[in-house]
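**Q** Dropping in data.cif, with mmCIF, N, CA and C atoms.
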```cif
data_my_file
#
loop_
_atom_site.group_PDB
_atom_site.id
_atom_site.type_symbol
_atom_site.label_atom_id
_atom_site.label_comp_id
_atom_site.auth_asym_id
_atom_site.auth_seq_id
_atom_site.Cartn_x
_atom_site.Cartn_y
_atom_site.Cartn_z
ATOM 1 N N MET P 24 9.165 7.428 8.444
ATOM 2 C CA MET P 24 10.153 8.284 7.856
ATOM 3 C C MET P 24 10.864 9.089 8.936
ATOM 4 N N LYS P 25 10.081 9.529 9.934
ATOM 5 C CA LYS P 25 10.695 10.298 11.017
ATOM 6 C C LYS P 25 11.711 9.443 11.768
ATOM 7 N N GLN P 26 11.361 8.198 12.058
ATOM 8 C CA GLN P 26 12.271 7.309 12.775
ATOM 9 C C GLN P 26 13.549 7.074 11.974
ATOM 10 N N ILE P 27 13.436 6.918 10.679
ATOM 11 C CA ILE P 27 14.608 6.734 9.823
ATOM 12 C C ILE P 27 15.523 7.950 9.938
ATOM 13 N N LYS P 28 14.942 9.143 9.901
ATOM 14 C CA LYS P 28 15.706 10.390 9.996
ATOM 15 C C LYS P 28 16.315 10.578 11.380
ATOM 16 N N VAL P 29 15.499 10.463 12.418
ATOM 17 C CA VAL P 29 15.954 10.718 13.789
ATOM 18 C C VAL P 29 17.041 9.735 14.212
ATOM 19 N N GLU P 30 16.858 8.461 13.866
ATOM 20 C CA GLU P 30 17.823 7.440 14.279
ATOM 21 C C GLU P 30 18.923 7.206 13.249
ATOM 22 N N ASN P 31 18.931 8.018 12.182
ATOM 23 C CA ASN P 31 19.944 7.917 11.130
ATOM 24 C C ASN P 31 20.087 6.479 10.629
ATOM 25 N N ILE P 32 18.950 5.868 10.334
ATOM 26 C CA ILE P 32 18.913 4.475 9.873
ATOM 27 C C ILE P 32 19.302 4.425 8.398
ATOM 28 N N ASN P 33 20.240 3.553 8.069
ATOM 29 C CA ASN P 33 20.626 3.338 6.682
ATOM 30 C C ASN P 33 19.775 2.215 6.108
ATOM 31 N N LEU P 34 18.976 2.535 5.108
ATOM 32 C CA LEU P 34 18.136 1.529 4.463
ATOM 33 C C LEU P 34 18.997 0.688 3.514
ATOM 34 N N PRO P 35 18.609 -0.574 3.288
ATOM 35 C CA PRO P 35 19.439 -1.475 2.476
ATOM 36 C C PRO P 35 19.424 -1.165 0.976
ATOM 37 N N CYS P 36 18.552 -0.263 0.548
ATOM 38 C CA CYS P 36 18.514 0.112 -0.866
ATOM 39 C C CYS P 36 18.037 1.554 -0.964
ATOM 40 N N THR P 37 18.243 2.157 -2.109
ATOM 41 C CA THR P 37 17.760 3.521 -2.330
ATOM 42 C C THR P 37 16.241 3.517 -2.228
ATOM 43 N N THR P 38 15.714 4.408 -1.411
ATOM 44 C CA THR P 38 14.272 4.458 -1.166
ATOM 45 C C THR P 38 13.764 5.878 -1.371
ATOM 46 N N HIS P 39 12.684 6.009 -2.108
ATOM 47 C CA HIS P 39 12.035 7.305 -2.321
ATOM 48 C C HIS P 39 10.633 7.225 -1.737
ATOM 49 N N PHE P 40 10.246 8.242 -0.990
ATOM 50 C CA PHE P 40 8.892 8.325 -0.457
ATOM 51 C C PHE P 40 8.152 9.399 -1.252
ATOM 52 N N LEU P 41 7.066 9.022 -1.888
ATOM 53 C CA LEU P 41 6.247 9.951 -2.649
ATOM 54 C C LEU P 41 4.887 10.038 -1.972
ATOM 55 N N ILE P 42 4.491 11.236 -1.632
ATOM 56 C CA ILE P 42 3.203 11.434 -0.972
ATOM 57 C C ILE P 42 2.305 12.153 -1.965
ATOM 58 N N SER P 43 1.189 11.514 -2.272
ATOM 59 C CA SER P 43 0.306 12.078 -3.287
ATOM 60 C C SER P 43 -1.047 12.427 -2.685
ATOM 61 N N ASN P 44 -1.743 13.275 -3.412
ATOM 62 C CA ASN P 44 -3.143 13.548 -3.093
ATOM 63 C C ASN P 44 -3.873 13.727 -4.408
ATOM 64 N N ASN P 45 -5.130 13.592 -4.381
ATOM 65 C CA ASN P 45 -5.970 13.732 -5.573
ATOM 66 C C ASN P 45 -5.666 12.691 -6.647
ATOM 67 N N GLU P 46 -5.123 11.527 -6.251
ATOM 68 C CA GLU P 46 -4.811 10.514 -7.258
ATOM 69 C C GLU P 46 -6.059 9.995 -7.959
ATOM 70 N N GLU P 47 -7.203 10.109 -7.293
ATOM 71 C CA GLU P 47 -8.444 9.635 -7.895
ATOM 72 C C GLU P 47 -8.831 10.440 -9.132
ATOM 73 N N ILE P 48 -8.298 11.654 -9.274
ATOM 74 C CA ILE P 48 -8.638 12.478 -10.436
ATOM 75 C C ILE P 48 -7.418 12.716 -11.335
ATOM 76 N N GLY P 49 -6.432 11.841 -11.220
ATOM 77 C CA GLY P 49 -5.310 11.888 -12.147
ATOM 78 C C GLY P 49 -4.063 12.582 -11.646
ATOM 79 N N TYR P 50 -4.103 13.159 -10.456
ATOM 80 C CA TYR P 50 -2.908 13.764 -9.887
ATOM 81 C C TYR P 50 -2.273 12.751 -8.957
ATOM 82 N N GLY P 51 -1.079 13.030 -8.507
ATOM 83 C CA GLY P 51 -0.448 12.122 -7.561
ATOM 84 C C GLY P 51 1.043 12.019 -7.770
ATOM 85 N N GLY P 52 1.663 11.032 -7.143
ATOM 86 C CA GLY P 52 3.102 10.887 -7.153
ATOM 87 C C GLY P 52 3.677 10.206 -8.370
ATOM 88 N N ASN P 53 2.847 9.712 -9.281
ATOM 89 C CA ASN P 53 3.363 8.911 -10.392
ATOM 90 C C ASN P 53 4.168 9.692 -11.411
ATOM 91 N N SER P 54 4.030 10.993 -11.465
ATOM 92 C CA SER P 54 4.748 11.766 -12.479
ATOM 93 C C SER P 54 6.221 11.930 -12.161
ATOM 94 N N ASN P 55 6.624 11.647 -10.943
ATOM 95 C CA ASN P 55 8.028 11.850 -10.577
ATOM 96 C C ASN P 55 8.675 10.601 -9.989
ATOM 97 N N ILE P 56 8.273 9.435 -10.446
ATOM 98 C CA ILE P 56 8.912 8.192 -10.013
ATOM 99 C C ILE P 56 10.259 8.100 -10.724
ATOM 100 N N PRO P 57 11.354 7.939 -9.971
ATOM 101 C CA PRO P 57 12.665 7.828 -10.615
ATOM 102 C C PRO P 57 12.700 6.635 -11.570
ATOM 103 N N PRO P 58 13.363 6.779 -12.718
ATOM 104 C CA PRO P 58 13.364 5.709 -13.727
ATOM 105 C C PRO P 58 14.028 4.413 -13.258
ATOM 106 N N GLU P 59 14.896 4.480 -12.276
ATOM 107 C CA GLU P 59 15.564 3.267 -11.790
ATOM 108 C C GLU P 59 14.724 2.478 -10.780
ATOM 109 N N THR P 60 13.504 2.911 -10.527
ATOM 110 C CA THR P 60 12.620 2.235 -9.580
ATOM 111 C C THR P 60 12.295 0.827 -10.063
ATOM 112 N N VAL P 61 12.476 -0.153 -9.168
ATOM 113 C CA VAL P 61 12.162 -1.545 -9.517
ATOM 114 C C VAL P 61 11.038 -2.116 -8.657
ATOM 115 N N GLU P 62 10.742 -1.475 -7.541
ATOM 116 C CA GLU P 62 9.619 -1.900 -6.698
ATOM 117 C C GLU P 62 8.846 -0.667 -6.268
ATOM 118 N N TYR P 63 7.526 -0.837 -6.114
ATOM 119 C CA TYR P 63 6.649 0.274 -5.753
ATOM 120 C C TYR P 63 5.626 -0.268 -4.770
ATOM 121 N N LEU P 64 5.560 0.331 -3.602
ATOM 122 C CA LEU P 64 4.594 -0.068 -2.586
ATOM 123 C C LEU P 64 3.679 1.115 -2.306
ATOM 124 N N ALA P 65 2.389 0.926 -2.507
ATOM 125 C CA ALA P 65 1.418 1.981 -2.233
ATOM 126 C C ALA P 65 0.731 1.690 -0.903
ATOM 127 N N VAL P 66 0.702 2.678 -0.043
ATOM 128 C CA VAL P 66 -0.036 2.589 1.217
ATOM 129 C C VAL P 66 -1.196 3.562 1.079
ATOM 130 N N ASP P 67 -2.389 3.053 1.234
ATOM 131 C CA ASP P 67 -3.578 3.854 0.971
ATOM 132 C C ASP P 67 -4.597 3.567 2.067
ATOM 133 N N MET P 68 -5.683 4.265 2.033
ATOM 134 C CA MET P 68 -6.750 3.999 2.991
ATOM 135 C C MET P 68 -7.630 2.874 2.454
ATOM 136 N N GLY P 69 -8.280 2.170 3.333
ATOM 137 C CA GLY P 69 -9.210 1.113 2.942
ATOM 138 C C GLY P 69 -10.624 1.651 2.989
ATOM 139 N N ALA P 70 -11.194 1.861 1.829
ATOM 140 C CA ALA P 70 -12.538 2.441 1.763
ATOM 141 C C ALA P 70 -13.585 1.444 2.245
ATOM 142 N N MET P 71 -14.489 1.926 3.066
ATOM 143 C CA MET P 71 -15.592 1.092 3.537
ATOM 144 C C MET P 71 -16.768 1.241 2.585
ATOM 145 N N GLY P 72 -17.489 0.161 2.380
ATOM 146 C CA GLY P 72 -18.659 0.241 1.524
ATOM 147 C C GLY P 72 -19.362 -1.096 1.437
ATOM 148 N N ASP P 73 -20.445 -1.119 0.698
ATOM 149 C CA ASP P 73 -21.210 -2.345 0.514
ATOM 150 C C ASP P 73 -20.314 -3.432 -0.074
ATOM 151 N N GLY P 74 -20.357 -4.598 0.515
ATOM 152 C CA GLY P 74 -19.575 -5.721 0.033
ATOM 153 C C GLY P 74 -18.136 -5.750 0.515
ATOM 154 N N GLN P 75 -17.712 -4.746 1.277
ATOM 155 C CA GLN P 75 -16.338 -4.696 1.778
ATOM 156 C C GLN P 75 -16.278 -5.274 3.194
ATOM 157 N N SER P 76 -15.142 -5.890 3.520
ATOM 158 C CA SER P 76 -14.912 -6.390 4.876
ATOM 159 C C SER P 76 -14.344 -5.314 5.788
ATOM 160 N N THR P 77 -13.710 -4.327 5.203
ATOM 161 C CA THR P 77 -13.004 -3.289 5.937
ATOM 162 C C THR P 77 -13.935 -2.545 6.893
ATOM 163 N N ASP P 78 -13.378 -2.179 8.036
ATOM 164 C CA ASP P 78 -14.092 -1.311 8.967
ATOM 165 C C ASP P 78 -13.100 -0.315 9.548
ATOM 166 N N GLU P 79 -13.590 0.565 10.394
ATOM 167 C CA GLU P 79 -12.739 1.626 10.931
ATOM 168 C C GLU P 79 -11.852 1.173 12.092
ATOM 169 N N TYR P 80 -11.898 -0.103 12.448
ATOM 170 C CA TYR P 80 -11.136 -0.591 13.596
ATOM 171 C C TYR P 80 -9.995 -1.525 13.209
ATOM 172 N N THR P 81 -9.852 -1.854 11.941
ATOM 173 C CA THR P 81 -8.854 -2.828 11.522
ATOM 174 C C THR P 81 -8.029 -2.306 10.346
ATOM 175 N N VAL P 82 -6.895 -2.941 10.137
ATOM 176 C CA VAL P 82 -6.061 -2.656 8.973
ATOM 177 C C VAL P 82 -6.661 -3.399 7.789
ATOM 178 N N SER P 83 -6.724 -2.733 6.665
ATOM 179 C CA SER P 83 -7.219 -3.355 5.447
ATOM 180 C C SER P 83 -6.033 -3.815 4.608
ATOM 181 N N ILE P 84 -6.014 -5.085 4.261
ATOM 182 C CA ILE P 84 -4.992 -5.623 3.367
ATOM 183 C C ILE P 84 -5.690 -5.929 2.052
ATOM 184 N N CYS P 85 -5.263 -5.241 1.016
ATOM 185 C CA CYS P 85 -5.918 -5.359 -0.287
ATOM 186 C C CYS P 85 -5.329 -6.525 -1.072
ATOM 187 N N ALA P 86 -6.187 -7.429 -1.491
ATOM 188 C CA ALA P 86 -5.767 -8.562 -2.304
ATOM 189 C C ALA P 86 -5.858 -8.236 -3.794
ATOM 190 N N LYS P 87 -6.766 -7.323 -4.141
ATOM 191 C CA LYS P 87 -7.020 -7.045 -5.552
ATOM 192 C C LYS P 87 -7.806 -5.754 -5.673
ATOM 193 N N ASP P 88 -7.538 -5.018 -6.765
ATOM 194 C CA ASP P 88 -8.383 -3.869 -7.071
ATOM 195 C C ASP P 88 -8.865 -3.993 -8.511
ATOM 196 N N ALA P 89 -9.392 -2.915 -9.063
ATOM 197 C CA ALA P 89 -9.951 -2.965 -10.414
ATOM 198 C C ALA P 89 -8.913 -3.346 -11.468
ATOM 199 N N SER P 90 -7.630 -3.156 -11.166
ATOM 200 C CA SER P 90 -6.579 -3.473 -12.140
ATOM 201 C C SER P 90 -6.160 -4.937 -12.095
ATOM 202 N N GLY P 91 -6.578 -5.659 -11.070
ATOM 203 C CA GLY P 91 -6.216 -7.069 -10.957
ATOM 204 C C GLY P 91 -5.633 -7.391 -9.593
ATOM 205 N N PRO P 92 -5.145 -8.602 -9.423
ATOM 206 C CA PRO P 92 -4.617 -9.020 -8.121
ATOM 207 C C PRO P 92 -3.282 -8.343 -7.799
ATOM 208 N N TYR P 93 -3.042 -8.168 -6.514
ATOM 209 C CA TYR P 93 -1.780 -7.607 -6.037
ATOM 210 C C TYR P 93 -0.793 -8.740 -5.778
ATOM 211 N N HIS P 94 0.417 -8.386 -5.426
ATOM 212 C CA HIS P 94 1.512 -9.342 -5.219
ATOM 213 C C HIS P 94 1.161 -10.313 -4.084
ATOM 214 N N TYR P 95 1.029 -11.581 -4.433
ATOM 215 C CA TYR P 95 0.598 -12.604 -3.466
ATOM 216 C C TYR P 95 1.594 -12.757 -2.316
ATOM 217 N N GLY P 96 2.877 -12.771 -2.619
ATOM 218 C CA GLY P 96 3.891 -12.924 -1.579
ATOM 219 C C GLY P 96 3.866 -11.784 -0.576
ATOM 220 N N LEU P 97 3.699 -10.563 -1.052
ATOM 221 C CA LEU P 97 3.621 -9.413 -0.148
ATOM 222 C C LEU P 97 2.357 -9.490 0.699
ATOM 223 N N ARG P 98 1.257 -9.880 0.076
ATOM 224 C CA ARG P 98 0.007 -10.011 0.847
ATOM 225 C C ARG P 98 0.177 -11.016 1.980
ATOM 226 N N LYS P 99 0.769 -12.176 1.681
ATOM 227 C CA LYS P 99 0.987 -13.192 2.716
ATOM 228 C C LYS P 99 1.900 -12.664 3.817
ATOM 229 N N LYS P 100 2.931 -11.888 3.445
ATOM 230 C CA LYS P 100 3.842 -11.318 4.443
ATOM 231 C C LYS P 100 3.115 -10.313 5.336
ATOM 232 N N LEU P 101 2.270 -9.467 4.746
ATOM 233 C CA LEU P 101 1.513 -8.501 5.546
ATOM 234 C C LEU P 101 0.570 -9.203 6.520
ATOM 235 N N ILE P 102 -0.061 -10.273 6.063
ATOM 236 C CA ILE P 102 -0.945 -11.048 6.940
ATOM 237 C C ILE P 102 -0.137 -11.654 8.082
ATOM 238 N N ARG P 103 1.014 -12.240 7.760
ATOM 239 C CA ARG P 103 1.868 -12.848 8.796
ATOM 240 C C ARG P 103 2.311 -11.800 9.816
ATOM 241 N N LEU P 104 2.736 -10.620 9.334
ATOM 242 C CA LEU P 104 3.163 -9.557 10.244
ATOM 243 C C LEU P 104 2.016 -9.097 11.143
ATOM 244 N N ALA P 105 0.820 -8.962 10.574
ATOM 245 C CA ALA P 105 -0.340 -8.558 11.374
ATOM 246 C C ALA P 105 -0.627 -9.598 12.446
ATOM 247 N N GLU P 106 -0.604 -10.859 12.070
ATOM 248 C CA GLU P 106 -0.893 -11.915 13.046
ATOM 249 C C GLU P 106 0.187 -11.999 14.121
ATOM 250 N N GLU P 107 1.447 -11.910 13.733
ATOM 251 C CA GLU P 107 2.545 -11.975 14.709
ATOM 252 C C GLU P 107 2.490 -10.818 15.699
ATOM 253 N N ASN P 108 2.020 -9.665 15.249
ATOM 254 C CA ASN P 108 1.982 -8.473 16.094
ATOM 255 C C ASN P 108 0.596 -8.187 16.661
ATOM 256 N N LYS P 109 -0.304 -9.177 16.524
ATOM 257 C CA LYS P 109 -1.664 -9.069 17.068
ATOM 258 C C LYS P 109 -2.383 -7.798 16.595
ATOM 259 N N ILE P 110 -2.255 -7.537 15.293
ATOM 260 C CA ILE P 110 -2.929 -6.404 14.669
ATOM 261 C C ILE P 110 -4.155 -6.945 13.939
ATOM 262 N N ASP P 111 -5.333 -6.457 14.315
ATOM 263 C CA ASP P 111 -6.560 -6.884 13.642
ATOM 264 C C ASP P 111 -6.535 -6.397 12.199
ATOM 265 N N TYR P 112 -6.894 -7.274 11.279
ATOM 266 C CA TYR P 112 -6.890 -6.910 9.866
ATOM 267 C C TYR P 112 -8.070 -7.560 9.158
ATOM 268 N N LYS P 113 -8.376 -7.012 8.003
ATOM 269 C CA LYS P 113 -9.378 -7.579 7.112
ATOM 270 C C LYS P 113 -8.739 -7.678 5.735
ATOM 271 N N LEU P 114 -8.958 -8.779 5.063
ATOM 272 C CA LEU P 114 -8.517 -8.969 3.693
ATOM 273 C C LEU P 114 -9.662 -8.541 2.790
ATOM 274 N N ASP P 115 -9.374 -7.688 1.822
ATOM 275 C CA ASP P 115 -10.469 -7.149 1.029
ATOM 276 C C ASP P 115 -10.104 -7.022 -0.444
ATOM 277 N N ILE P 116 -11.116 -6.869 -1.253
ATOM 278 C CA ILE P 116 -11.006 -6.641 -2.688
ATOM 279 C C ILE P 116 -11.758 -5.349 -2.991
ATOM 280 N N TYR P 117 -11.157 -4.509 -3.822
ATOM 281 C CA TYR P 117 -11.766 -3.234 -4.201
ATOM 282 C C TYR P 117 -12.001 -3.233 -5.716
ATOM 283 N N PRO P 118 -13.126 -3.807 -6.179
ATOM 284 C CA PRO P 118 -13.336 -3.983 -7.622
ATOM 285 C C PRO P 118 -13.546 -2.687 -8.401
ATOM 286 N N TYR P 119 -13.870 -1.597 -7.722
ATOM 287 C CA TYR P 119 -14.148 -0.335 -8.408
ATOM 288 C C TYR P 119 -13.125 0.735 -8.080
ATOM 289 N N TYR P 120 -11.952 0.333 -7.579
ATOM 290 C CA TYR P 120 -10.954 1.282 -7.108
ATOM 291 C C TYR P 120 -9.604 0.944 -7.723
ATOM 292 N N GLY P 121 -8.786 1.949 -7.973
ATOM 293 C CA GLY P 121 -7.417 1.745 -8.414
ATOM 294 C C GLY P 121 -6.493 2.639 -7.601
ATOM 295 N N SER P 122 -5.290 2.174 -7.347
ATOM 296 C CA SER P 122 -4.345 2.933 -6.529
ATOM 297 C C SER P 122 -3.288 3.597 -7.404
ATOM 298 N N ASP P 123 -2.453 4.434 -6.789
ATOM 299 C CA ASP P 123 -1.312 5.011 -7.484
ATOM 300 C C ASP P 123 -0.405 3.927 -8.033
ATOM 301 N N ALA P 124 -0.282 2.812 -7.299
ATOM 302 C CA ALA P 124 0.577 1.717 -7.757
ATOM 303 C C ALA P 124 0.038 1.129 -9.054
ATOM 304 N N SER P 125 -1.250 0.964 -9.148
ATOM 305 C CA SER P 125 -1.853 0.441 -10.377
ATOM 306 C C SER P 125 -1.596 1.388 -11.545
ATOM 307 N N ALA P 126 -1.737 2.692 -11.296
ATOM 308 C CA ALA P 126 -1.476 3.680 -12.353
ATOM 309 C C ALA P 126 -0.009 3.651 -12.756
ATOM 310 N N ALA P 127 0.876 3.479 -11.808
ATOM 311 C CA ALA P 127 2.321 3.423 -12.107
ATOM 312 C C ALA P 127 2.648 2.212 -12.985
ATOM 313 N N ILE P 128 2.046 1.089 -12.693
ATOM 314 C CA ILE P 128 2.286 -0.120 -13.495
ATOM 315 C C ILE P 128 1.791 0.115 -14.923
ATOM 316 N N ARG P 129 0.599 0.674 -15.074
ATOM 317 C CA ARG P 129 0.052 0.936 -16.412
ATOM 318 C C ARG P 129 0.926 1.889 -17.218
ATOM 319 N N SER P 130 1.529 2.861 -16.528
ATOM 320 C CA SER P 130 2.333 3.869 -17.234
ATOM 321 C C SER P 130 3.747 3.378 -17.528
ATOM 322 N N GLY P 131 4.114 2.220 -16.998
ATOM 323 C CA GLY P 131 5.430 1.661 -17.284
ATOM 324 C C GLY P 131 6.486 2.125 -16.322
#
```
Now that the file is in, can you turn its structure into structure tokens?

**A**
Amino acid sequence: MKQIKVENINLPCTTHFLISNNEEIGYGGNSNIPPETVEYLAVDMGAMGDGQSTDEYTVSICAKDASGPYHYGLRKKLIRLAEENKIDYKLDIYPYYGSDASAAIRSG
């Protein structure tokens, strides 16, 4: 966001950045999503735990959470970008976790 501001970069579409906290207990950015929103990308932390591939040294790319699978095309693009840029990553599933994006989809 800073680079966009400092370099006066014009994005190809209207973009809103919502920063949330406490989404795990029902708070977060979902209450103020503009109604004209057609795409939603959530960037979150990758929780480490039993059965997870994620570690503190790699980027976690989530394939699925408790709400179901994520966008396959975006996942493949993130993997390609990580590989092209030599960024270590782990592909993971979070069966007991839901993100702000999942809550936004459920709320319509």

**Q** In Å to one decimal, how far is atom CA of Ala126 of chain P from atom CA of Pro58 of chain P?

**A** 15.0 Å

**Q** Given the choices P:Ser43, P:Ala65, P:Leu114, P:Arg98, which gets closest to Thr77 of chain P if the distance is worked out from only C-alpha atoms?

**A**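 Closest residue, counting only C-alpha atoms: P:Leu114.
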
**Q** Do you have the atom CA of Glu107 of chain P-atom C of Val66 of chain P distance handy?

**A**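 Atom CA of Glu107 of chain P sits 21.0 Å away from atom C of Val66 of chain P.
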
**Q** Looking at P:Asn44, P:Ala105, P:His94, P:Lys87, which one is nearest to Glu62 of chain P, with distances taken over only C-alpha atoms?

**A**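 Residue with the minimum atom-to-atom distance to Glu62 of chain P: P:His94.
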
**Q** Would you mind telling me which residue in P:Ser130, P:Gln26, P:Ser83, P:Ser90 lies nearest to Tyr112 of chain P when using all atoms listed in the file?

**A**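 Residue with the minimum atom-to-atom distance to Tyr112 of chain P: P:Ser83.
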
**Q** Tell me, in Å to one decimal, how far atom N of Thr38 of chain P is from atom N of Thr60 of chain P.

**A**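 Computing it gives 9.5 Å between the two atoms.
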
**Q** Looking at P:Asp123, P:Cys36, P:Lys113, P:Tyr93, which one is nearest to Tyr80 of chain P, with distances taken over all atoms listed in the file?

**A** P:Lys113

**Q** Skipping near chain neighbours, those fewer than 5 positions away, what residues fall within 12 Å of Asp73 of chain P using only C-alpha atoms, listed as an MDAnalysis selection string?

**A** chainID P and resid 78 115:119

**Q** Draw an axis-aligned box tight on the listed atoms of segment 83-92 of chain P, then pad every side by 3 Å and write out centre and edge lengths in Å to one decimal as JSON.

**A**
```
{"center_x": -6.6, "center_y": -5.9, "center_z": -2.7, "size_x": 12.7, "size_y": 12.3, "size_z": 24.8}
```

**Q** Taking (12.4, 6.8, -8.2) in the file's coordinates, which residues come within 8 Å, counting only N, CA and C atoms, written as a compact mmCIF listing (two decimals) with N, CA and C atoms, in the coordinates of the input?

**A**
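Wrote result_23.txt, looks like this:
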```txt
# COMPACT_ATOMS: atom_id res chain seq x y z
N THR P 37 18.24 2.16 -2.11
CA THR P 37 17.76 3.52 -2.33
C THR P 37 16.24 3.52 -2.23
N THR P 38 15.71 4.41 -1.41
CA THR P 38 14.27 4.46 -1.17
C THR P 38 13.76 5.88 -1.37
N HIS P 39 12.68 6.01 -2.11
CA HIS P 39 12.04 7.30 -2.32
C HIS P 39 10.63 7.22 -1.74
N PHE P 40 10.25 8.24 -0.99
CA PHE P 40 8.89 8.32 -0.46
C PHE P 40 8.15 9.40 -1.25
N ASN P 55 6.62 11.65 -10.94
CA ASN P 55 8.03 11.85 -10.58
C ASN P 55 8.68 10.60 -9.99
N ILE P 56 8.27 9.44 -10.45
CA ILE P 56 8.91 8.19 -10.01
C ILE P 56 10.26 8.10 -10.72
N PRO P 57 11.35 7.94 -9.97
CA PRO P 57 12.66 7.83 -10.62
C PRO P 57 12.70 6.64 -11.57
N PRO P 58 13.36 6.78 -12.72
CA PRO P 58 13.36 5.71 -13.73
C PRO P 58 14.03 4.41 -13.26
N GLU P 59 14.90 4.48 -12.28
CA GLU P 59 15.56 3.27 -11.79
C GLU P 59 14.72 2.48 -10.78
N THR P 60 13.50 2.91 -10.53
CA THR P 60 12.62 2.24 -9.58
C THR P 60 12.30 0.83 -10.06
N VAL P 61 12.48 -0.15 -9.17
CA VAL P 61 12.16 -1.54 -9.52
C VAL P 61 11.04 -2.12 -8.66
```

**Q** Can you check which residues of segment 25-129 of chain P DSSP gives as helix (DSSP H, G or I) on the backbone and send them as a PyMOL selection string?

**A** chain P and resi 25-29+46-48+52-55+95-107+123-129

**Q** Deliver the residues from the most recent selection as a file, using N, CA and C atoms, as a short mmCIF file (atom, residue, chain, number, x, y, z; two decimals), in the frame of the given file.

**A**
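Printed below is selection_3.cif as written:
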```cif
data_model
loop_
_atom_site.label_atom_id
_atom_site.label_comp_id
_atom_site.auth_asym_id
_atom_site.auth_seq_id
_atom_site.Cartn_x
_atom_site.Cartn_y
_atom_site.Cartn_z
N LYS P 25 10.08 9.53 9.93
CA LYS P 25 10.70 10.30 11.02
C LYS P 25 11.71 9.44 11.77
N GLN P 26 11.36 8.20 12.06
CA GLN P 26 12.27 7.31 12.78
C GLN P 26 13.55 7.07 11.97
N ILE P 27 13.44 6.92 10.68
CA ILE P 27 14.61 6.73 9.82
C ILE P 27 15.52 7.95 9.94
N LYS P 28 14.94 9.14 9.90
CA LYS P 28 15.71 10.39 10.00
C LYS P 28 16.32 10.58 11.38
N VAL P 29 15.50 10.46 12.42
CA VAL P 29 15.95 10.72 13.79
C VAL P 29 17.04 9.74 14.21
N GLU P 46 -5.12 11.53 -6.25
CA GLU P 46 -4.81 10.51 -7.26
C GLU P 46 -6.06 9.99 -7.96
N GLU P 47 -7.20 10.11 -7.29
CA GLU P 47 -8.44 9.64 -7.90
C GLU P 47 -8.83 10.44 -9.13
N ILE P 48 -8.30 11.65 -9.27
CA ILE P 48 -8.64 12.48 -10.44
C ILE P 48 -7.42 12.72 -11.34
N GLY P 52 1.66 11.03 -7.14
CA GLY P 52 3.10 10.89 -7.15
C GLY P 52 3.68 10.21 -8.37
N ASN P 53 2.85 9.71 -9.28
CA ASN P 53 3.36 8.91 -10.39
C ASN P 53 4.17 9.69 -11.41
N SER P 54 4.03 10.99 -11.46
CA SER P 54 4.75 11.77 -12.48
C SER P 54 6.22 11.93 -12.16
N ASN P 55 6.62 11.65 -10.94
CA ASN P 55 8.03 11.85 -10.58
C ASN P 55 8.68 10.60 -9.99
N TYR P 95 1.03 -11.58 -4.43
CA TYR P 95 0.60 -12.60 -3.47
C TYR P 95 1.59 -12.76 -2.32
N GLY P 96 2.88 -12.77 -2.62
CA GLY P 96 3.89 -12.92 -1.58
C GLY P 96 3.87 -11.78 -0.58
N LEU P 97 3.70 -10.56 -1.05
CA LEU P 97 3.62 -9.41 -0.15
C LEU P 97 2.36 -9.49 0.70
N ARG P 98 1.26 -9.88 0.08
CA ARG P 98 0.01 -10.01 0.85
C ARG P 98 0.18 -11.02 1.98
N LYS P 99 0.77 -12.18 1.68
CA LYS P 99 0.99 -13.19 2.72
C LYS P 99 1.90 -12.66 3.82
N LYS P 100 2.93 -11.89 3.44
CA LYS P 100 3.84 -11.32 4.44
C LYS P 100 3.12 -10.31 5.34
N LEU P 101 2.27 -9.47 4.75
CA LEU P 101 1.51 -8.50 5.55
C LEU P 101 0.57 -9.20 6.52
N ILE P 102 -0.06 -10.27 6.06
CA ILE P 102 -0.94 -11.05 6.94
C ILE P 102 -0.14 -11.65 8.08
N ARG P 103 1.01 -12.24 7.76
CA ARG P 103 1.87 -12.85 8.80
C ARG P 103 2.31 -11.80 9.82
N LEU P 104 2.74 -10.62 9.33
CA LEU P 104 3.16 -9.56 10.24
C LEU P 104 2.02 -9.10 11.14
N ALA P 105 0.82 -8.96 10.57
CA ALA P 105 -0.34 -8.56 11.37
C ALA P 105 -0.63 -9.60 12.45
N GLU P 106 -0.60 -10.86 12.07
CA GLU P 106 -0.89 -11.92 13.05
C GLU P 106 0.19 -12.00 14.12
N GLU P 107 1.45 -11.91 13.73
CA GLU P 107 2.54 -11.98 14.71
C GLU P 107 2.49 -10.82 15.70
N ASP P 123 -2.45 4.43 -6.79
CA ASP P 123 -1.31 5.01 -7.48
C ASP P 123 -0.40 3.93 -8.03
N ALA P 124 -0.28 2.81 -7.30
CA ALA P 124 0.58 1.72 -7.76
C ALA P 124 0.04 1.13 -9.05
N SER P 125 -1.25 0.96 -9.15
CA SER P 125 -1.85 0.44 -10.38
C SER P 125 -1.60 1.39 -11.54
N ALA P 126 -1.74 2.69 -11.30
CA ALA P 126 -1.48 3.68 -12.35
C ALA P 126 -0.01 3.65 -12.76
N ALA P 127 0.88 3.48 -11.81
CA ALA P 127 2.32 3.42 -12.11
C ALA P 127 2.65 2.21 -12.98
N ILE P 128 2.05 1.09 -12.69
CA ILE P 128 2.29 -0.12 -13.50
C ILE P 128 1.79 0.12 -14.92
N ARG P 129 0.60 0.67 -15.07
CA ARG P 129 0.05 0.94 -16.41
C ARG P 129 0.93 1.89 -17.22
#
```

**Q** I need the residues of chain P that end up classed as strand (DSSP E) by DSSP on the backbone, written out as a list in words.

**A** Val82, Ser83, Ile84, Cys85, Ala86, Lys87, Asp88, Gly91, Pro92, Tyr112, Lys113, Leu114, Asp115, Ile116 and Tyr117 of chain P

**Q** From the options P:Pro35, P:Gly74, P:Gly69, P:Gly91, which residue's atoms come nearest to Ile128 of chain P, counting only C-alpha atoms?

**A**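 Checking each of P:Pro35, P:Gly74, P:Gly69, P:Gly91 against Ile128 of chain P, counting only C-alpha atoms, the winner is P:Gly91.
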